[in-house]
>>> print(open('model_25.txt').read())   # compact mmCIF, C-alpha atoms
# COMPACT_ATOMS: atom_id res chain seq x y z
CA MET H 24 90.64 97.73 89.20
CA LYS H 25 91.18 100.50 91.73
CA ILE H 26 90.20 100.72 95.41
CA THR H 27 89.80 103.98 97.30
CA TYR H 28 89.12 104.48 101.00
CA SER H 29 87.76 107.43 102.96
CA LYS H 30 88.84 107.35 106.58
CA GLU H 31 86.30 110.06 107.49
CA SER H 32 83.32 108.00 106.29
CA ASP H 33 84.98 104.57 106.75
CA ALA H 34 83.90 103.70 103.21
CA ALA H 35 85.79 101.90 100.47
CA TYR H 36 84.94 101.98 96.78
CA ILE H 37 86.05 99.29 94.37
CA TYR H 38 86.19 100.55 90.79
CA LEU H 39 85.91 97.60 88.42
CA LYS H 40 86.65 100.08 85.59
CA ASN H 41 87.16 103.82 85.22
CA ILE H 42 83.72 105.33 85.79
CA SER H 43 82.76 108.45 83.86
CA PRO H 44 80.39 111.03 85.35
CA GLY H 45 76.80 109.88 84.79
CA GLU H 46 77.83 106.35 83.85
CA VAL H 47 76.18 104.76 86.89
CA LYS H 48 72.59 104.09 85.82
CA GLU H 49 71.40 101.82 88.61
CA THR H 50 72.40 101.39 92.24
CA ILE H 51 71.33 98.42 94.33
CA GLU H 52 71.76 98.21 98.08
CA LEU H 53 72.72 94.57 98.64
CA ASN H 54 72.61 95.03 102.41
CA GLU H 55 73.22 97.87 104.87
CA ASN H 56 76.96 97.90 104.06
CA ILE H 57 77.30 96.86 100.40
CA ILE H 58 76.11 99.02 97.50
CA LEU H 59 76.45 97.92 93.87
CA ASP H 60 76.65 100.31 90.89
CA PHE H 61 75.69 99.22 87.36
CA ASP H 62 75.98 100.83 83.94
CA SER H 63 73.24 101.13 81.29
CA GLN H 64 73.89 97.56 80.13
CA LYS H 65 73.39 96.22 83.69
CA LYS H 66 77.12 95.51 84.01
CA LEU H 67 78.58 95.83 87.51
CA ILE H 68 81.10 98.69 87.47
CA GLY H 69 81.61 99.57 91.13
CA ILE H 70 81.10 98.39 94.70
CA GLU H 71 80.85 100.64 97.76
CA ILE H 72 81.58 99.13 101.16
CA LEU H 73 80.38 101.05 104.21
CA SER H 74 81.99 100.36 107.60
CA ALA H 75 84.90 99.09 105.53
CA SER H 76 87.35 98.78 108.42
CA LYS H 77 84.99 96.27 110.05
CA ILE H 78 84.01 94.33 106.92
CA MET H 79 87.11 94.15 104.73
CA PRO H 80 89.91 91.68 105.53
CA LYS H 81 92.52 92.91 107.96
CA GLY H 82 95.18 94.87 106.12
CA ALA H 83 93.01 95.55 103.06
CA VAL H 84 92.04 99.04 104.22
CA ALA H 85 95.64 99.83 105.14
CA ALA H 86 96.73 98.69 101.67
CA THR H 87 94.37 101.21 100.04
CA LEU H 88 95.89 103.99 102.14
CA THR H 89 99.42 103.24 100.97
CA ALA H 90 98.56 102.57 97.32
>>> encode(input="model_25.txt", output="structure tokens")
Amino acid sequence: MKITYSKESDAAYIYLKNISPGEVKETIELNENIILDFDSQKKLIGIEILSASKIMPKGAVAATLTA
């Protein structure tokens, strides 16, 4: 698992596996801040978190910046 964070967009992405280009076959917006990405077998492979600094636990965003 890998977590990336973009300070400019305040978005975090949680990679549940290495994702190849074109591998995401379906995207579901769970709510206004959580977006789920699935592969062709409907397996969850990634999670995008918008407004991450407000939603993620304190220190989690900072940890992605130092990792």
>>> closest_residue(input="model_25.txt", among="H:Pro80, H:Met24, H:Ile70, H:Asp62", to="Pro44 (chain H)", atoms="only C-alpha atoms")
H:Asp62
>>> residues_around(input="model_25.txt", residues="Ile57 (chain H)", least_positions_apart="6", cutoff="12 Å", atoms="only C-alpha atoms", output="MDAnalysis selection string")
chainID H and resid 34:37 50:51 69:75 78:79
>>> residues_around(input="model_25.txt", residues="Lys48 (chain H)", least_positions_apart="4", cutoff="9 Å", atoms="all atoms listed in the file", output="ChimeraX atom specification")
/H:60-65
>>> atom_distance(input="model_25.txt", atom1="CA of Ile58 (chain H)", atom2="CA of Tyr38 (chain H)")
12.2 Å
>>> atom_distance(input="model_25.txt", atom1="CA of Ser32 (chain H)", atom2="CA of Lys66 (chain H)")
26.3 Å
>>> atom_distance(input="model_25.txt", atom1="CA of Ser76 (chain H)", atom2="CA of Gly45 (chain H)")
28.2 Å
>>> build_atoms(input="model_25.txt", residues="region 58-69 of chain H", atoms="all heavy atoms", output="compact mmCIF listing (two decimals), in the coordinates of the input")
# COMPACT_ATOMS: atom_id res chain seq x y z
N ILE H 58 76.90 98.35 98.53
CA ILE H 58 76.11 99.02 97.50
C ILE H 58 76.76 98.74 96.15
O ILE H 58 77.97 98.91 95.98
CB ILE H 58 76.04 100.53 97.77
CG1 ILE H 58 75.38 100.77 99.14
CG2 ILE H 58 75.29 101.26 96.66
CD1 ILE H 58 75.57 102.14 99.70
N LEU H 59 75.96 98.29 95.20
CA LEU H 59 76.45 97.92 93.87
C LEU H 59 76.03 98.96 92.84
O LEU H 59 74.87 99.38 92.81
CB LEU H 59 75.90 96.55 93.47
CG LEU H 59 76.10 95.41 94.47
CD1 LEU H 59 75.40 94.15 93.97
CD2 LEU H 59 77.57 95.15 94.71
N ASP H 60 76.94 99.37 91.97
CA ASP H 60 76.65 100.31 90.89
C ASP H 60 76.76 99.61 89.54
O ASP H 60 77.74 98.89 89.28
CB ASP H 60 77.63 101.49 90.92
CG ASP H 60 77.38 102.43 92.09
OD1 ASP H 60 76.23 102.50 92.56
OD2 ASP H 60 78.32 103.12 92.51
N PHE H 61 75.76 99.85 88.68
CA PHE H 61 75.69 99.22 87.36
C PHE H 61 75.61 100.28 86.28
O PHE H 61 75.08 101.38 86.50
CB PHE H 61 74.44 98.33 87.27
CG PHE H 61 74.45 97.18 88.23
CD1 PHE H 61 73.96 97.32 89.52
CD2 PHE H 61 74.94 95.94 87.84
CE1 PHE H 61 73.97 96.26 90.41
CE2 PHE H 61 74.95 94.87 88.73
CZ PHE H 61 74.46 95.03 90.02
N ASP H 62 76.09 99.93 85.08
CA ASP H 62 75.98 100.83 83.94
C ASP H 62 74.67 100.59 83.20
O ASP H 62 73.82 99.82 83.65
CB ASP H 62 77.21 100.72 83.03
CG ASP H 62 77.32 99.38 82.32
OD1 ASP H 62 76.40 98.55 82.35
OD2 ASP H 62 78.40 99.16 81.70
N SER H 63 74.49 101.23 82.06
CA SER H 63 73.24 101.13 81.29
C SER H 63 72.99 99.74 80.72
O SER H 63 71.87 99.41 80.36
CB SER H 63 73.23 102.17 80.16
OG SER H 63 74.30 101.93 79.27
N GLN H 64 74.04 98.92 80.64
CA GLN H 64 73.89 97.56 80.13
C GLN H 64 73.78 96.54 81.27
O GLN H 64 73.96 95.34 81.07
CB GLN H 64 75.05 97.21 79.22
CG GLN H 64 75.10 98.11 78.00
CD GLN H 64 76.33 97.86 77.14
OE1 GLN H 64 77.26 97.16 77.53
NE2 GLN H 64 76.32 98.43 75.96
N LYS H 65 73.54 97.06 82.49
CA LYS H 65 73.39 96.22 83.69
C LYS H 65 74.69 95.52 84.08
O LYS H 65 74.68 94.51 84.76
CB LYS H 65 72.27 95.19 83.53
CG LYS H 65 70.94 95.74 83.09
CD LYS H 65 70.21 96.32 84.24
CE LYS H 65 68.79 96.68 83.79
NZ LYS H 65 68.21 97.71 84.57
N LYS H 66 75.82 96.07 83.66
CA LYS H 66 77.12 95.51 84.01
C LYS H 66 77.61 96.16 85.30
O LYS H 66 77.56 97.38 85.44
CB LYS H 66 78.12 95.77 82.88
CG LYS H 66 79.47 95.14 83.12
CD LYS H 66 80.39 95.36 81.94
CE LYS H 66 81.74 94.75 82.21
NZ LYS H 66 82.67 94.97 81.12
N LEU H 67 78.07 95.33 86.24
CA LEU H 67 78.58 95.83 87.51
C LEU H 67 79.88 96.60 87.25
O LEU H 67 80.81 96.08 86.65
CB LEU H 67 78.84 94.66 88.46
CG LEU H 67 79.39 95.01 89.84
CD1 LEU H 67 78.38 95.84 90.63
CD2 LEU H 67 79.74 93.74 90.60
N ILE H 68 79.91 97.87 87.71
CA ILE H 68 81.10 98.69 87.47
C ILE H 68 81.74 99.21 88.76
O ILE H 68 82.87 99.69 88.73
CB ILE H 68 80.80 99.87 86.51
CG1 ILE H 68 79.67 100.76 87.05
CG2 ILE H 68 80.46 99.34 85.13
CD1 ILE H 68 79.41 102.00 86.21
N GLY H 69 81.03 99.09 89.89
CA GLY H 69 81.61 99.57 91.13
C GLY H 69 80.89 99.01 92.35
O GLY H 69 79.72 98.67 92.28
